[in-house]
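Dumped upload11.pdb below, it's PDB, C-alpha atoms:
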ATOM      1  CA  MET A  58     287.564 127.826 128.837
ATOM      2  CA  LYS A  59     287.527 130.907 126.619
ATOM      3  CA  GLN A  60     290.394 131.622 124.315
ATOM      4  CA  THR A  61     292.085 135.003 124.706
ATOM      5  CA  CYS A  62     294.322 136.959 122.389
ATOM      6  CA  PRO A  63     298.018 136.597 123.274
ATOM      7  CA  SER A  64     298.609 140.193 122.212
ATOM      8  CA  CYS A  65     295.814 142.191 123.888
ATOM      9  CA  GLY A  66     294.196 139.629 126.228
ATOM     10  CA  LYS A  67     290.646 140.165 124.925
ATOM     11  CA  PRO A  68     288.333 137.153 124.408
ATOM     12  CA  ILE A  69     288.198 135.810 120.868
ATOM     13  CA  PRO A  70     285.868 133.414 119.004
ATOM     14  CA  PRO A  71     287.025 129.768 118.998
ATOM     15  CA  LYS A  72     287.921 129.491 115.289
ATOM     16  CA  ALA A  73     289.163 133.027 114.663
ATOM     17  CA  ASP A  74     292.290 133.544 112.562
ATOM     18  CA  LYS A  75     292.954 136.962 114.060
ATOM     19  CA  CYS A  76     291.857 138.979 117.051
ATOM     20  CA  PRO A  77     288.767 141.110 116.335
ATOM     21  CA  GLU A  78     290.033 143.798 118.732
ATOM     22  CA  CYS A  79     293.712 144.318 117.859
ATOM     23  CA  GLY A  80     294.017 142.341 114.600
ATOM     24  CA  ALA A  81     296.849 140.124 115.859
ATOM     25  CA  LEU A  82     297.319 136.935 113.848
ATOM     26  CA  LEU A  83     296.385 133.901 115.944
ATOM     27  CA  LYS A  84     297.021 131.086 113.509
ATOM     28  CA  ARG A  85     297.872 130.885 109.867
ATOM     29  CA  SER A  86     294.874 130.243 107.659
ATOM     30  CA  LYS A  87     295.158 127.642 104.899
ATOM     31  CA  ASN A  88     293.469 130.113 102.534
ATOM     32  CA  ASN A  89     295.868 132.937 103.363
ATOM     33  CA  PRO A  90     297.121 134.411 100.060
ATOM     34  CA  SER A  91     300.331 135.554 101.728
ATOM     35  CA  GLY A  92     301.864 132.095 101.698
ATOM     36  CA  GLY A  93     303.214 129.561  99.274
ATOM     37  CA  GLU A  94     302.864 130.020  95.550
ATOM     38  CA  PHE A  95     301.609 133.618  95.792
ATOM     39  CA  ASN A  96     304.812 134.740  97.527
ATOM     40  CA  ILE A  97     306.983 133.133  94.865
ATOM     41  CA  LEU A  98     304.923 134.797  92.141
ATOM     42  CA  TYR A  99     305.138 138.182  93.890
ATOM     43  CA  TYR A 100     308.908 137.867  94.336
ATOM     44  CA  ALA A 101     309.399 136.954  90.668
ATOM     45  CA  ILE A 102     307.238 139.870  89.517
ATOM     46  CA  SER A 103     309.079 142.194  91.862
ATOM     47  CA  PHE A 104     312.453 141.130  90.466
ATOM     48  CA  ILE A 105     311.427 141.211  86.789
ATOM     49  CA  LEU A 106     309.199 144.322  86.968
ATOM     50  CA  PRO A 107     310.516 146.448  89.862
ATOM     51  CA  PRO A 108     307.816 149.187  89.720
ATOM     52  CA  VAL A 109     305.046 146.589  89.973
ATOM     53  CA  GLY A 110     306.825 144.825  92.841
ATOM     54  CA  LEU A 111     307.278 148.144  94.608
ATOM     55  CA  VAL A 112     303.563 148.958  94.376
ATOM     56  CA  ILE A 113     302.516 145.478  95.577
ATOM     57  CA  GLY A 114     305.064 145.717  98.388
ATOM     58  CA  ILE A 115     303.761 149.088  99.579
ATOM     59  CA  ILE A 116     300.181 147.796  99.497
ATOM     60  CA  ASN A 117     301.189 144.766 101.593
ATOM     61  CA  LEU A 118     302.870 146.995 104.176
ATOM     62  CA  PHE A 119     299.472 148.390 105.195
ATOM     63  CA  HIS A 120     297.855 144.998 105.983
ATOM     64  CA  GLN A 121     297.167 143.892 109.562
ATOM     65  CA  ASP A 122     298.593 140.431 108.859
ATOM     66  CA  ILE A 123     302.228 140.254 109.968
ATOM     67  CA  TYR A 124     303.054 137.798 107.172
ATOM     68  CA  GLN A 125     301.758 140.172 104.522
ATOM     69  CA  LYS A 126     303.781 143.021 106.047
ATOM     70  CA  TYR A 127     306.892 140.851 105.882
ATOM     71  CA  THR A 128     306.074 139.943 102.273
ATOM     72  CA  GLY A 129     305.726 143.654 101.491
ATOM     73  CA  GLN A 130     309.142 144.377 102.971
ATOM     74  CA  LEU A 131     310.742 141.607 100.926
ATOM     75  CA  LEU A 132     309.036 142.784  97.738
ATOM     76  CA  ILE A 133     310.434 146.276  98.224
ATOM     77  CA  VAL A 134     313.923 144.874  98.860
ATOM     78  CA  PHE A 135     313.727 142.658  95.743
ATOM     79  CA  SER A 136     312.554 145.630  93.661
ATOM     80  CA  PHE A 137     315.500 147.774  94.740
ATOM     81  CA  LEU A 138     317.910 144.876  94.320
ATOM     82  CA  SER A 139     316.664 144.364  90.772
ATOM     83  CA  VAL A 140     317.140 148.056  89.944
ATOM     84  CA  VAL A 141     320.704 147.975  91.301
ATOM     85  CA  ILE A 142     321.565 144.855  89.291
ATOM     86  CA  ILE A 143     320.086 146.342  86.121
ATOM     87  CA  PHE A 144     322.016 149.586  86.708
ATOM     88  CA  ILE A 145     325.300 147.693  87.168
ATOM     89  CA  LEU A 146     324.703 145.617  84.033
ATOM     90  CA  VAL A 147     323.882 148.709  81.961
ATOM     91  CA  CYS A 148     326.992 150.496  83.224
ATOM     92  CA  LEU A 149     329.196 147.497  82.444
ATOM     93  CA  THR A 150     327.652 147.065  79.019
ATOM     94  CA  PHE A 151     328.136 150.666  77.892
ATOM     95  CA  SER A 152     331.484 151.336  79.539
ATOM     96  CA  PHE A 153     333.492 149.357  76.978
TER      97      PHE A 153
END
Could you show the structure in this file as structure tokens?
Amino acid sequence: MKQTCPSCGKPIPPKADKCPECGALLKRSKNNPSGGEFNILYYAISFILPPVGLVIGIINLFHQDIYQKYTGQLLIVFSFLSVVIIFILVCLTFSF
């Protein structure tokens, strides 16, 4: 029995991680850099260095992998959150 893509219905190779036709993620690869310790590192960088996190987030938004797109969205949110917190702290510091 041939395996088919749940997204587009096209046949796919038995051990494929994503559909060769539409790029839909079929199963999460153990070597996928969008999981685990890389996400934590990206989130920390994004919070400490917002411009770097913003660039990494935008790059991740253009990946086919849905997990990397989600990571990109979170990196952008963390970057903006960091800028807002820094702005509030600067305003509170210099207002007295």
If we count only C-alpha atoms and set the cut-off at 9 Å, which residues sit around region 127-136 of chain A, ignoring sequence neighbours fewer than 5 positions away in its own chain? Please answer as a VMD selection string. chain A and resid 91 to 92 96 99 to 119 122 141
Written as number ranges by chain, what is the full residue list that the PyMOL selection byres ((chain A and resi 69) around 12) yields on the file shown? A: 58-68, 70-83
Work out how far apart CA of Phe144 (chain A) and CA of Leu98 (chain A) are and give it in Å to one decimal. 23.2 Å
Have a look at CA of Gln125 (chain A) and CA of Ile97 (chain A) and let me know their distance in Å, one decimal.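 Between these atoms lies a distance of 13.0 Å.
CA of Phe95 (chain A) is positioned 15.7 Å from CA of His120 (chain A).
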